[in-house]
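final_1.pdb, holding PDB, N, CA and C atoms:
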```pdb
ATOM      1  N   MET A   1      20.270  17.101   3.492
ATOM      2  CA  MET A   1      19.811  16.049   2.602
ATOM      3  C   MET A   1      18.582  16.545   1.858
ATOM      4  N   THR A   2      18.580  16.396   0.565
ATOM      5  CA  THR A   2      17.438  16.781  -0.234
ATOM      6  C   THR A   2      16.966  15.564  -1.000
ATOM      7  N   GLN A   3      15.720  15.220  -0.799
ATOM      8  CA  GLN A   3      15.162  14.087  -1.514
ATOM      9  C   GLN A   3      14.476  14.625  -2.755
ATOM     10  N   GLU A   4      15.055  14.354  -3.894
ATOM     11  CA  GLU A   4      14.570  14.953  -5.121
ATOM     12  C   GLU A   4      13.587  14.073  -5.867
ATOM     13  N   GLU A   5      13.691  12.791  -5.700
ATOM     14  CA  GLU A   5      12.877  11.900  -6.500
ATOM     15  C   GLU A   5      11.988  11.043  -5.612
ATOM     16  N   LYS A   6      10.718  10.986  -5.980
ATOM     17  CA  LYS A   6       9.772  10.137  -5.261
ATOM     18  C   LYS A   6       9.316   9.049  -6.219
ATOM     19  N   ILE A   7       9.255   7.830  -5.716
ATOM     20  CA  ILE A   7       8.695   6.742  -6.506
ATOM     21  C   ILE A   7       7.535   6.155  -5.721
ATOM     22  N   THR A   8       6.568   5.636  -6.431
ATOM     23  CA  THR A   8       5.398   5.030  -5.811
ATOM     24  C   THR A   8       5.334   3.582  -6.243
ATOM     25  N   LEU A   9       5.280   2.701  -5.257
ATOM     26  CA  LEU A   9       5.171   1.270  -5.529
ATOM     27  C   LEU A   9       3.782   0.789  -5.145
ATOM     28  N   GLN A  10       3.327  -0.242  -5.823
ATOM     29  CA  GLN A  10       2.053  -0.866  -5.514
ATOM     30  C   GLN A  10       2.291  -2.127  -4.699
ATOM     31  N   THR A  11       1.579  -2.262  -3.585
ATOM     32  CA  THR A  11       1.675  -3.487  -2.794
ATOM     33  C   THR A  11       0.854  -4.573  -3.481
ATOM     34  N   GLU A  12       0.960  -5.783  -2.971
ATOM     35  CA  GLU A  12       0.175  -6.882  -3.530
ATOM     36  C   GLU A  12      -1.320  -6.639  -3.364
ATOM     37  N   ASP A  13      -1.687  -5.807  -2.372
ATOM     38  CA  ASP A  13      -3.090  -5.478  -2.128
ATOM     39  C   ASP A  13      -3.569  -4.304  -2.971
ATOM     40  N   GLY A  14      -2.694  -3.759  -3.826
ATOM     41  CA  GLY A  14      -3.057  -2.643  -4.673
ATOM     42  C   GLY A  14      -2.902  -1.277  -4.019
ATOM     43  N   GLU A  15      -2.348  -1.243  -2.812
ATOM     44  CA  GLU A  15      -2.131   0.017  -2.099
ATOM     45  C   GLU A  15      -0.878   0.698  -2.638
ATOM     46  N   SER A  16      -0.924   2.014  -2.771
ATOM     47  CA  SER A  16       0.228   2.789  -3.220
ATOM     48  C   SER A  16       1.058   3.228  -2.027
ATOM     49  N   VAL A  17       2.374   3.036  -2.128
ATOM     50  CA  VAL A  17       3.292   3.421  -1.062
ATOM     51  C   VAL A  17       4.392   4.283  -1.685
ATOM     52  N   ASP A  18       4.622   5.469  -1.098
ATOM     53  CA  ASP A  18       5.645   6.384  -1.601
ATOM     54  C   ASP A  18       6.980   6.145  -0.916
ATOM     55  N   PHE A  19       8.043   6.200  -1.714
ATOM     56  CA  PHE A  19       9.407   6.133  -1.212
ATOM     57  C   PHE A  19      10.188   7.276  -1.839
ATOM     58  N   TYR A  20      11.203   7.737  -1.120
ATOM     59  CA  TYR A  20      12.014   8.866  -1.554
ATOM     60  C   TYR A  20      13.437   8.379  -1.773
ATOM     61  N   VAL A  21      13.956   8.611  -2.970
ATOM     62  CA  VAL A  21      15.263   8.093  -3.371
ATOM     63  C   VAL A  21      16.371   8.906  -2.700
ATOM     64  N   LEU A  22      17.229   8.188  -1.961
ATOM     65  CA  LEU A  22      18.389   8.815  -1.334
ATOM     66  C   LEU A  22      19.623   8.721  -2.218
ATOM     67  N   GLU A  23      19.778   7.575  -2.887
ATOM     68  CA  GLU A  23      20.964   7.333  -3.720
ATOM     69  C   GLU A  23      20.637   6.202  -4.676
ATOM     70  N   GLU A  24      21.342   6.173  -5.794
ATOM     71  CA  GLU A  24      21.211   5.058  -6.723
ATOM     72  C   GLU A  24      22.582   4.707  -7.280
ATOM     73  N   THR A  25      22.713   3.451  -7.676
ATOM     74  CA  THR A  25      23.976   2.984  -8.233
ATOM     75  C   THR A  25      23.697   1.833  -9.194
ATOM     76  N   ARG A  26      24.674   1.534 -10.016
ATOM     77  CA  ARG A  26      24.590   0.410 -10.964
ATOM     78  C   ARG A  26      25.776  -0.493 -10.689
ATOM     79  N   ILE A  27      25.489  -1.758 -10.418
ATOM     80  CA  ILE A  27      26.524  -2.737 -10.119
ATOM     81  C   ILE A  27      26.262  -3.979 -10.964
ATOM     82  N   ASN A  28      27.290  -4.411 -11.694
ATOM     83  CA  ASN A  28      27.186  -5.607 -12.533
ATOM     84  C   ASN A  28      25.949  -5.578 -13.433
ATOM     85  N   GLY A  29      25.680  -4.408 -14.019
ATOM     86  CA  GLY A  29      24.565  -4.287 -14.946
ATOM     87  C   GLY A  29      23.193  -4.179 -14.308
ATOM     88  N   MET A  30      23.118  -4.109 -12.974
ATOM     89  CA  MET A  30      21.843  -4.041 -12.262
ATOM     90  C   MET A  30      21.741  -2.695 -11.551
ATOM     91  N   ASN A  31      20.595  -2.037 -11.664
ATOM     92  CA  ASN A  31      20.365  -0.762 -10.982
ATOM     93  C   ASN A  31      19.778  -1.007  -9.597
ATOM     94  N   TYR A  32      20.291  -0.261  -8.617
ATOM     95  CA  TYR A  32      19.813  -0.351  -7.242
ATOM     96  C   TYR A  32      19.491   1.044  -6.735
ATOM     97  N   LEU A  33      18.459   1.140  -5.902
ATOM     98  CA  LEU A  33      18.090   2.390  -5.264
ATOM     99  C   LEU A  33      18.103   2.205  -3.754
ATOM    100  N   MET A  34      18.607   3.195  -3.032
ATOM    101  CA  MET A  34      18.396   3.244  -1.591
ATOM    102  C   MET A  34      17.294   4.266  -1.384
ATOM    103  N   VAL A  35      16.206   3.834  -0.756
ATOM    104  CA  VAL A  35      15.047   4.697  -0.571
ATOM    105  C   VAL A  35      14.678   4.764   0.904
ATOM    106  N   THR A  36      13.903   5.780   1.243
ATOM    107  CA  THR A  36      13.376   5.909   2.596
ATOM    108  C   THR A  36      11.878   6.149   2.505
ATOM    109  N   ASP A  37      11.196   5.831   3.598
ATOM    110  CA  ASP A  37       9.752   6.058   3.636
ATOM    111  C   ASP A  37       9.408   7.399   4.267
ATOM    112  N   SER A  38      10.414   8.191   4.634
ATOM    113  CA  SER A  38      10.196   9.473   5.290
ATOM    114  C   SER A  38      10.443  10.623   4.312
ATOM    115  N   GLU A  39       9.421  11.449   4.131
ATOM    116  CA  GLU A  39       9.564  12.612   3.263
ATOM    117  C   GLU A  39      10.306  13.742   3.964
ATOM    118  N   ASP A  40      10.190  13.805   5.282
ATOM    119  CA  ASP A  40      10.774  14.882   6.079
ATOM    120  C   ASP A  40      12.213  14.541   6.434
ATOM    121  N   GLU A  41      13.150  15.379   6.005
ATOM    122  CA  GLU A  41      14.567  15.101   6.262
ATOM    123  C   GLU A  41      14.936  15.197   7.736
ATOM    124  N   GLU A  42      14.098  15.830   8.550
ATOM    125  CA  GLU A  42      14.365  15.925   9.986
ATOM    126  C   GLU A  42      13.844  14.704  10.750
ATOM    127  N   GLU A  43      13.049  13.907  10.101
ATOM    128  CA  GLU A  43      12.414  12.758  10.735
ATOM    129  C   GLU A  43      13.143  11.474  10.361
ATOM    130  N   ASP A  44      13.333  10.598  11.344
ATOM    131  CA  ASP A  44      13.939   9.302  11.056
ATOM    132  C   ASP A  44      12.966   8.466  10.237
ATOM    133  N   GLY A  45      13.499   7.759   9.292
ATOM    134  CA  GLY A  45      12.679   6.874   8.467
ATOM    135  C   GLY A  45      13.404   5.551   8.269
ATOM    136  N   GLU A  46      12.692   4.609   7.754
ATOM    137  CA  GLU A  46      13.271   3.317   7.422
ATOM    138  C   GLU A  46      13.889   3.408   6.032
ATOM    139  N   CYS A  47      15.043   2.771   5.851
ATOM    140  CA  CYS A  47      15.695   2.714   4.542
ATOM    141  C   CYS A  47      15.551   1.313   3.971
ATOM    142  N   TYR A  48      15.416   1.269   2.676
ATOM    143  CA  TYR A  48      15.290   0.000   1.959
ATOM    144  C   TYR A  48      16.164   0.070   0.720
ATOM    145  N   ILE A  49      16.596  -1.092   0.260
ATOM    146  CA  ILE A  49      17.332  -1.164  -1.002
ATOM    147  C   ILE A  49      16.442  -1.901  -1.990
ATOM    148  N   LEU A  50      16.238  -1.256  -3.133
ATOM    149  CA  LEU A  50      15.408  -1.816  -4.186
ATOM    150  C   LEU A  50      16.268  -2.163  -5.389
ATOM    151  N   LYS A  51      15.897  -3.241  -6.053
ATOM    152  CA  LYS A  51      16.579  -3.685  -7.266
ATOM    153  C   LYS A  51      15.627  -3.485  -8.441
ATOM    154  N   ASP A  52      16.133  -2.904  -9.521
ATOM    155  CA  ASP A  52      15.339  -2.707 -10.730
ATOM    156  C   ASP A  52      15.339  -4.021 -11.514
ATOM    157  N   VAL A  53      14.182  -4.662 -11.584
ATOM    158  CA  VAL A  53      14.067  -5.937 -12.291
ATOM    159  C   VAL A  53      13.250  -5.782 -13.573
ATOM    160  N   SER A  54      13.200  -4.543 -14.089
ATOM    161  CA  SER A  54      12.439  -4.255 -15.309
ATOM    162  C   SER A  54      12.998  -5.017 -16.488
ATOM    163  N   LYS A  55      12.100  -5.373 -17.373
ATOM    164  CA  LYS A  55      12.487  -5.981 -18.639
ATOM    165  C   LYS A  55      12.342  -4.919 -19.726
ATOM    166  N   ALA A  56      12.993  -5.104 -20.844
ATOM    167  CA  ALA A  56      12.990  -4.117 -21.923
ATOM    168  C   ALA A  56      11.572  -3.776 -22.367
ATOM    169  N   GLU A  57      10.663  -4.742 -22.314
ATOM    170  CA  GLU A  57       9.299  -4.493 -22.793
ATOM    171  C   GLU A  57       8.404  -3.824 -21.746
ATOM    172  N   ASP A  58       8.884  -3.666 -20.500
ATOM    173  CA  ASP A  58       8.089  -3.008 -19.453
ATOM    174  C   ASP A  58       8.022  -1.505 -19.712
ATOM    175  N   SER A  59       6.810  -0.955 -19.656
ATOM    176  CA  SER A  59       6.659   0.484 -19.877
ATOM    177  C   SER A  59       7.020   1.289 -18.628
ATOM    178  N   ASP A  60       6.883   0.683 -17.450
ATOM    179  CA  ASP A  60       7.260   1.320 -16.186
ATOM    180  C   ASP A  60       8.370   0.512 -15.527
ATOM    181  N   ALA A  61       9.139   1.181 -14.686
ATOM    182  CA  ALA A  61      10.182   0.479 -13.940
ATOM    183  C   ALA A  61       9.540  -0.485 -12.959
ATOM    184  N   VAL A  62      10.168  -1.632 -12.778
ATOM    185  CA  VAL A  62       9.686  -2.642 -11.841
ATOM    186  C   VAL A  62      10.781  -2.867 -10.807
ATOM    187  N   TYR A  63      10.452  -2.631  -9.539
ATOM    188  CA  TYR A  63      11.417  -2.773  -8.458
ATOM    189  C   TYR A  63      10.980  -3.866  -7.507
ATOM    190  N   GLU A  64      11.976  -4.523  -6.903
ATOM    191  CA  GLU A  64      11.685  -5.453  -5.818
ATOM    192  C   GLU A  64      12.663  -5.171  -4.680
ATOM    193  N   PHE A  65      12.220  -5.457  -3.462
ATOM    194  CA  PHE A  65      13.065  -5.261  -2.296
ATOM    195  C   PHE A  65      14.170  -6.308  -2.290
ATOM    196  N   VAL A  66      15.388  -5.896  -1.993
ATOM    197  CA  VAL A  66      16.498  -6.836  -1.857
ATOM    198  C   VAL A  66      16.337  -7.511  -0.498
ATOM    199  N   GLU A  67      16.239  -8.828  -0.492
ATOM    200  CA  GLU A  67      16.006  -9.559   0.749
ATOM    201  C   GLU A  67      17.118 -10.540   1.077
ATOM    202  N   ASN A  68      17.971 -10.854   0.109
ATOM    203  CA  ASN A  68      19.075 -11.776   0.346
ATOM    204  C   ASN A  68      20.092 -11.101   1.269
ATOM    205  N   ASP A  69      20.413 -11.755   2.403
ATOM    206  CA  ASP A  69      21.296 -11.152   3.409
ATOM    207  C   ASP A  69      22.681 -10.828   2.864
ATOM    208  N   ASP A  70      23.269 -11.706   2.072
ATOM    209  CA  ASP A  70      24.600 -11.452   1.512
ATOM    210  C   ASP A  70      24.568 -10.254   0.556
ATOM    211  N   GLU A  71      23.549 -10.207  -0.291
ATOM    212  CA  GLU A  71      23.406  -9.091  -1.227
ATOM    213  C   GLU A  71      23.159  -7.788  -0.460
ATOM    214  N   LEU A  72      22.328  -7.841   0.581
ATOM    215  CA  LEU A  72      22.061  -6.652   1.395
ATOM    216  C   LEU A  72      23.324  -6.132   2.064
ATOM    217  N   ASP A  73      24.122  -7.039   2.642
ATOM    218  CA  ASP A  73      25.364  -6.627   3.304
ATOM    219  C   ASP A  73      26.310  -5.941   2.321
ATOM    220  N   TYR A  74      26.445  -6.520   1.147
ATOM    221  CA  TYR A  74      27.322  -5.957   0.119
ATOM    222  C   TYR A  74      26.824  -4.569  -0.302
ATOM    223  N   LEU A  75      25.537  -4.466  -0.592
ATOM    224  CA  LEU A  75      24.967  -3.191  -1.036
ATOM    225  C   LEU A  75      24.981  -2.149   0.080
ATOM    226  N   TYR A  76      24.802  -2.579   1.308
ATOM    227  CA  TYR A  76      24.869  -1.655   2.450
ATOM    228  C   TYR A  76      26.244  -0.976   2.486
ATOM    229  N   ARG A  77      27.295  -1.760   2.304
ATOM    230  CA  ARG A  77      28.650  -1.186   2.295
ATOM    231  C   ARG A  77      28.829  -0.207   1.138
ATOM    232  N   ILE A  78      28.325  -0.564  -0.028
ATOM    233  CA  ILE A  78      28.443   0.308  -1.201
ATOM    234  C   ILE A  78      27.706   1.626  -0.960
ATOM    235  N   PHE A  79      26.453   1.547  -0.523
ATOM    236  CA  PHE A  79      25.672   2.769  -0.304
ATOM    237  C   PHE A  79      26.240   3.607   0.836
ATOM    238  N   THR A  80      26.794   2.975   1.849
ATOM    239  CA  THR A  80      27.414   3.721   2.947
ATOM    240  C   THR A  80      28.573   4.558   2.420
ATOM    241  N   GLU A  81      29.387   3.968   1.551
ATOM    242  CA  GLU A  81      30.502   4.712   0.950
ATOM    243  C   GLU A  81      30.003   5.830   0.043
ATOM    244  N   LEU A  82      28.984   5.552  -0.758
ATOM    245  CA  LEU A  82      28.460   6.560  -1.679
ATOM    246  C   LEU A  82      27.877   7.756  -0.934
ATOM    247  N   MET A  83      27.353   7.510   0.253
ATOM    248  CA  MET A  83      26.639   8.549   0.977
ATOM    249  C   MET A  83      27.430   9.135   2.140
ATOM    250  N   GLU A  84      28.723   8.833   2.228
ATOM    251  CA  GLU A  84      29.499   9.275   3.377
ATOM    252  C   GLU A  84      29.593  10.793   3.484
ATOM    253  N   ASP A  85      29.474  11.527   2.386
ATOM    254  CA  ASP A  85      29.537  12.991   2.421
ATOM    255  C   ASP A  85      28.180  13.640   2.691
ATOM    256  N   MET A  86      27.121  12.844   2.662
ATOM    257  CA  MET A  86      25.783  13.382   2.907
ATOM    258  C   MET A  86      25.505  13.376   4.407
ATOM    259  N   GLU A  87      24.583  14.200   4.825
ATOM    260  CA  GLU A  87      24.214  14.250   6.233
ATOM    261  C   GLU A  87      23.130  13.221   6.535
ATOM    262  N   VAL A  88      23.479  11.959   6.296
ATOM    263  CA  VAL A  88      22.545  10.857   6.496
ATOM    264  C   VAL A  88      23.240   9.827   7.359
ATOM    265  N   GLU A  89      22.547   9.358   8.374
ATOM    266  CA  GLU A  89      23.083   8.270   9.196
ATOM    267  C   GLU A  89      22.343   6.997   8.825
ATOM    268  N   ILE A  90      23.092   6.029   8.371
ATOM    269  CA  ILE A  90      22.507   4.752   7.964
ATOM    270  C   ILE A  90      22.889   3.706   8.988
ATOM    271  N   ARG A  91      21.889   3.056   9.529
ATOM    272  CA  ARG A  91      22.130   1.974  10.498
ATOM    273  C   ARG A  91      21.463   0.717   9.992
ATOM    274  N   LYS A  92      22.108  -0.387  10.228
ATOM    275  CA  LYS A  92      21.523  -1.677   9.867
ATOM    276  C   LYS A  92      20.429  -2.029  10.818
TER
END
```

I need this file expressed as structure tokens, please.
Amino acid sequence: MTQEEKITLQTEDGESVDFYVLEETRINGMNYLMVTDSEDEEEDGECYILKDVSKAEDSDAVYEFVENDDELDYLYRIFTELMEDMEVEIRK
């Protein structure tokens, strides 16, 4: 597994948090990213699914964590299929 892209998000407290993109997809006109908080491919990390909620006038991409259980379940299945050839184990 090679993590090629790093994104940095700002918390509500203004703290910067780095995430590493594992996979991305577009469904029904919406972009989604599966990211991890672990830079080291040998180390277990937490995975999150982010939704791009940017508007055309935004100069930077705006992401939010997917929290709806039905949406998460659906996206989990999609990302599991997309990543089945990669050496990544995804657990709920």

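Near segment 11-21 of chain A, within 6.5 Å and counting all atoms listed in the file, sit Gln3, Glu4, Glu5, Lys6, Ile7, Thr8, Leu9, Glu23, Glu24, Met34, Val35, Thr36, Asp37 and Ser38 of chain A, not including residues fewer than 2 positions from it in the same chain.
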
Would you give me, as a Markdown table, each residue of segment 14-48 of chain A having an atom within 12 Å of an atom of segment 75-86 of chain A, along with its shortest atom pair and that distance in Å to one decimal, using only C-alpha atoms and sorting by chain and residue number?
```
| residue | atom | partner | partner_atom | distance |
| --- | --- | --- | --- | --- |
| A:Leu22 | CA | A:Met83 | CA | 8.6 |
| A:Glu23 | CA | A:Phe79 | CA | 7.4 |
| A:Glu24 | CA | A:Phe79 | CA | 8.1 |
| A:Thr25 | CA | A:Phe79 | CA | 8.1 |
| A:Arg26 | CA | A:Ile78 | CA | 10.5 |
| A:Ile27 | CA | A:Leu75 | CA | 9.2 |
| A:Asn28 | CA | A:Leu75 | CA | 12.0 |
| A:Met30 | CA | A:Leu75 | CA | 11.7 |
| A:Asn31 | CA | A:Leu75 | CA | 11.2 |
| A:Tyr32 | CA | A:Leu75 | CA | 8.6 |
| A:Leu33 | CA | A:Phe79 | CA | 9.1 |
| A:Met34 | CA | A:Phe79 | CA | 7.4 |
| A:Val35 | CA | A:Phe79 | CA | 10.8 |
| A:Glu41 | CA | A:Met86 | CA | 11.8 |
| A:Cys47 | CA | A:Tyr76 | CA | 10.4 |
| A:Tyr48 | CA | A:Tyr76 | CA | 9.7 |
```

Backbone DSSP call of strand (DSSP E or B) for chain A, listed as a PyMOL selection string | chain A and resi 5-10+16-27+30-36+47-52+63-65

Take the residues from that selection and put them in a file with N, CA and C atoms, as a compact mmCIF listing (two decimals), in the coordinates of the input.
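In the end it all went to selection_20.txt:
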```txt
# COMPACT_ATOMS: atom_id res chain seq x y z
N GLU A 5 13.69 12.79 -5.70
CA GLU A 5 12.88 11.90 -6.50
C GLU A 5 11.99 11.04 -5.61
N LYS A 6 10.72 10.99 -5.98
CA LYS A 6 9.77 10.14 -5.26
C LYS A 6 9.32 9.05 -6.22
N ILE A 7 9.26 7.83 -5.72
CA ILE A 7 8.70 6.74 -6.51
C ILE A 7 7.54 6.16 -5.72
N THR A 8 6.57 5.64 -6.43
CA THR A 8 5.40 5.03 -5.81
C THR A 8 5.33 3.58 -6.24
N LEU A 9 5.28 2.70 -5.26
CA LEU A 9 5.17 1.27 -5.53
C LEU A 9 3.78 0.79 -5.14
N GLN A 10 3.33 -0.24 -5.82
CA GLN A 10 2.05 -0.87 -5.51
C GLN A 10 2.29 -2.13 -4.70
N SER A 16 -0.92 2.01 -2.77
CA SER A 16 0.23 2.79 -3.22
C SER A 16 1.06 3.23 -2.03
N VAL A 17 2.37 3.04 -2.13
CA VAL A 17 3.29 3.42 -1.06
C VAL A 17 4.39 4.28 -1.68
N ASP A 18 4.62 5.47 -1.10
CA ASP A 18 5.64 6.38 -1.60
C ASP A 18 6.98 6.14 -0.92
N PHE A 19 8.04 6.20 -1.71
CA PHE A 19 9.41 6.13 -1.21
C PHE A 19 10.19 7.28 -1.84
N TYR A 20 11.20 7.74 -1.12
CA TYR A 20 12.01 8.87 -1.55
C TYR A 20 13.44 8.38 -1.77
N VAL A 21 13.96 8.61 -2.97
CA VAL A 21 15.26 8.09 -3.37
C VAL A 21 16.37 8.91 -2.70
N LEU A 22 17.23 8.19 -1.96
CA LEU A 22 18.39 8.82 -1.33
C LEU A 22 19.62 8.72 -2.22
N GLU A 23 19.78 7.58 -2.89
CA GLU A 23 20.96 7.33 -3.72
C GLU A 23 20.64 6.20 -4.68
N GLU A 24 21.34 6.17 -5.79
CA GLU A 24 21.21 5.06 -6.72
C GLU A 24 22.58 4.71 -7.28
N THR A 25 22.71 3.45 -7.68
CA THR A 25 23.98 2.98 -8.23
C THR A 25 23.70 1.83 -9.19
N ARG A 26 24.67 1.53 -10.02
CA ARG A 26 24.59 0.41 -10.96
C ARG A 26 25.78 -0.49 -10.69
N ILE A 27 25.49 -1.76 -10.42
CA ILE A 27 26.52 -2.74 -10.12
C ILE A 27 26.26 -3.98 -10.96
N MET A 30 23.12 -4.11 -12.97
CA MET A 30 21.84 -4.04 -12.26
C MET A 30 21.74 -2.70 -11.55
N ASN A 31 20.60 -2.04 -11.66
CA ASN A 31 20.36 -0.76 -10.98
C ASN A 31 19.78 -1.01 -9.60
N TYR A 32 20.29 -0.26 -8.62
CA TYR A 32 19.81 -0.35 -7.24
C TYR A 32 19.49 1.04 -6.74
N LEU A 33 18.46 1.14 -5.90
CA LEU A 33 18.09 2.39 -5.26
C LEU A 33 18.10 2.20 -3.75
N MET A 34 18.61 3.20 -3.03
CA MET A 34 18.40 3.24 -1.59
C MET A 34 17.29 4.27 -1.38
N VAL A 35 16.21 3.83 -0.76
CA VAL A 35 15.05 4.70 -0.57
C VAL A 35 14.68 4.76 0.90
N THR A 36 13.90 5.78 1.24
CA THR A 36 13.38 5.91 2.60
C THR A 36 11.88 6.15 2.50
N CYS A 47 15.04 2.77 5.85
CA CYS A 47 15.70 2.71 4.54
C CYS A 47 15.55 1.31 3.97
N TYR A 48 15.42 1.27 2.68
CA TYR A 48 15.29 0.00 1.96
C TYR A 48 16.16 0.07 0.72
N ILE A 49 16.60 -1.09 0.26
CA ILE A 49 17.33 -1.16 -1.00
C ILE A 49 16.44 -1.90 -1.99
N LEU A 50 16.24 -1.26 -3.13
CA LEU A 50 15.41 -1.82 -4.19
C LEU A 50 16.27 -2.16 -5.39
N LYS A 51 15.90 -3.24 -6.05
CA LYS A 51 16.58 -3.68 -7.27
C LYS A 51 15.63 -3.48 -8.44
N ASP A 52 16.13 -2.90 -9.52
CA ASP A 52 15.34 -2.71 -10.73
C ASP A 52 15.34 -4.02 -11.51
N TYR A 63 10.45 -2.63 -9.54
CA TYR A 63 11.42 -2.77 -8.46
C TYR A 63 10.98 -3.87 -7.51
N GLU A 64 11.98 -4.52 -6.90
CA GLU A 64 11.68 -5.45 -5.82
C GLU A 64 12.66 -5.17 -4.68
N PHE A 65 12.22 -5.46 -3.46
CA PHE A 65 13.06 -5.26 -2.30
C PHE A 65 14.17 -6.31 -2.29
```

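Note that the spacing between atom CA of Glu64 of chain A and atom CA of Gly29 of chain A amounts to 15.8 Å.
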
Please indicate the distance in Å from atom CA of Phe65 of chain A to atom CA of Glu39 of chain A, rounded to one decimal place.
-> 19.0 Å

May I ask for the distance between atom N of Glu71 of chain A and atom N of Ser54 of chain A, given in Å to one decimal place?
->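 Those two atoms sit 18.2 Å apart.
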
Hey, can I get the axis-aligned box for segment 13-32 of chain A? All listed atoms, 8 Å padding on each side, centre and edge lengths in Å to one decimal, as AutoDock Vina command-line options.
```
--center_x 11.9 --center_y 1.5 --center_z -7.9 --size_x 46.9 --size_y 30.7 --size_z 30.0
```

Write down as a PyMOL selection string the residues belonging to chain A that are assigned helix (DSSP H, G or I) by DSSP computed on the backbone.
-> chain A and resi 69-82

Could you write out that same residue set with N, CA and C atoms as a compact mmCIF listing (two decimals), keeping the file's coordinate frame?
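part_25.txt was written with the following content:
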```
# COMPACT_ATOMS: atom_id res chain seq x y z
N ASP A 69 20.41 -11.76 2.40
CA ASP A 69 21.30 -11.15 3.41
C ASP A 69 22.68 -10.83 2.86
N ASP A 70 23.27 -11.71 2.07
CA ASP A 70 24.60 -11.45 1.51
C ASP A 70 24.57 -10.25 0.56
N GLU A 71 23.55 -10.21 -0.29
CA GLU A 71 23.41 -9.09 -1.23
C GLU A 71 23.16 -7.79 -0.46
N LEU A 72 22.33 -7.84 0.58
CA LEU A 72 22.06 -6.65 1.40
C LEU A 72 23.32 -6.13 2.06
N ASP A 73 24.12 -7.04 2.64
CA ASP A 73 25.36 -6.63 3.30
C ASP A 73 26.31 -5.94 2.32
N TYR A 74 26.44 -6.52 1.15
CA TYR A 74 27.32 -5.96 0.12
C TYR A 74 26.82 -4.57 -0.30
N LEU A 75 25.54 -4.47 -0.59
CA LEU A 75 24.97 -3.19 -1.04
C LEU A 75 24.98 -2.15 0.08
N TYR A 76 24.80 -2.58 1.31
CA TYR A 76 24.87 -1.66 2.45
C TYR A 76 26.24 -0.98 2.49
N ARG A 77 27.30 -1.76 2.30
CA ARG A 77 28.65 -1.19 2.30
C ARG A 77 28.83 -0.21 1.14
N ILE A 78 28.32 -0.56 -0.03
CA ILE A 78 28.44 0.31 -1.20
C ILE A 78 27.71 1.63 -0.96
N PHE A 79 26.45 1.55 -0.52
CA PHE A 79 25.67 2.77 -0.30
C PHE A 79 26.24 3.61 0.84
N THR A 80 26.79 2.98 1.85
CA THR A 80 27.41 3.72 2.95
C THR A 80 28.57 4.56 2.42
N GLU A 81 29.39 3.97 1.55
CA GLU A 81 30.50 4.71 0.95
C GLU A 81 30.00 5.83 0.04
N LEU A 82 28.98 5.55 -0.76
CA LEU A 82 28.46 6.56 -1.68
C LEU A 82 27.88 7.76 -0.93
```

Please write as a VMD selection string the full residue list that the PyMOL selection byres ((chain A and resi 62) around 6.5) yields on this file.
-> chain A and resid 51 to 55 60 to 61 63 to 64
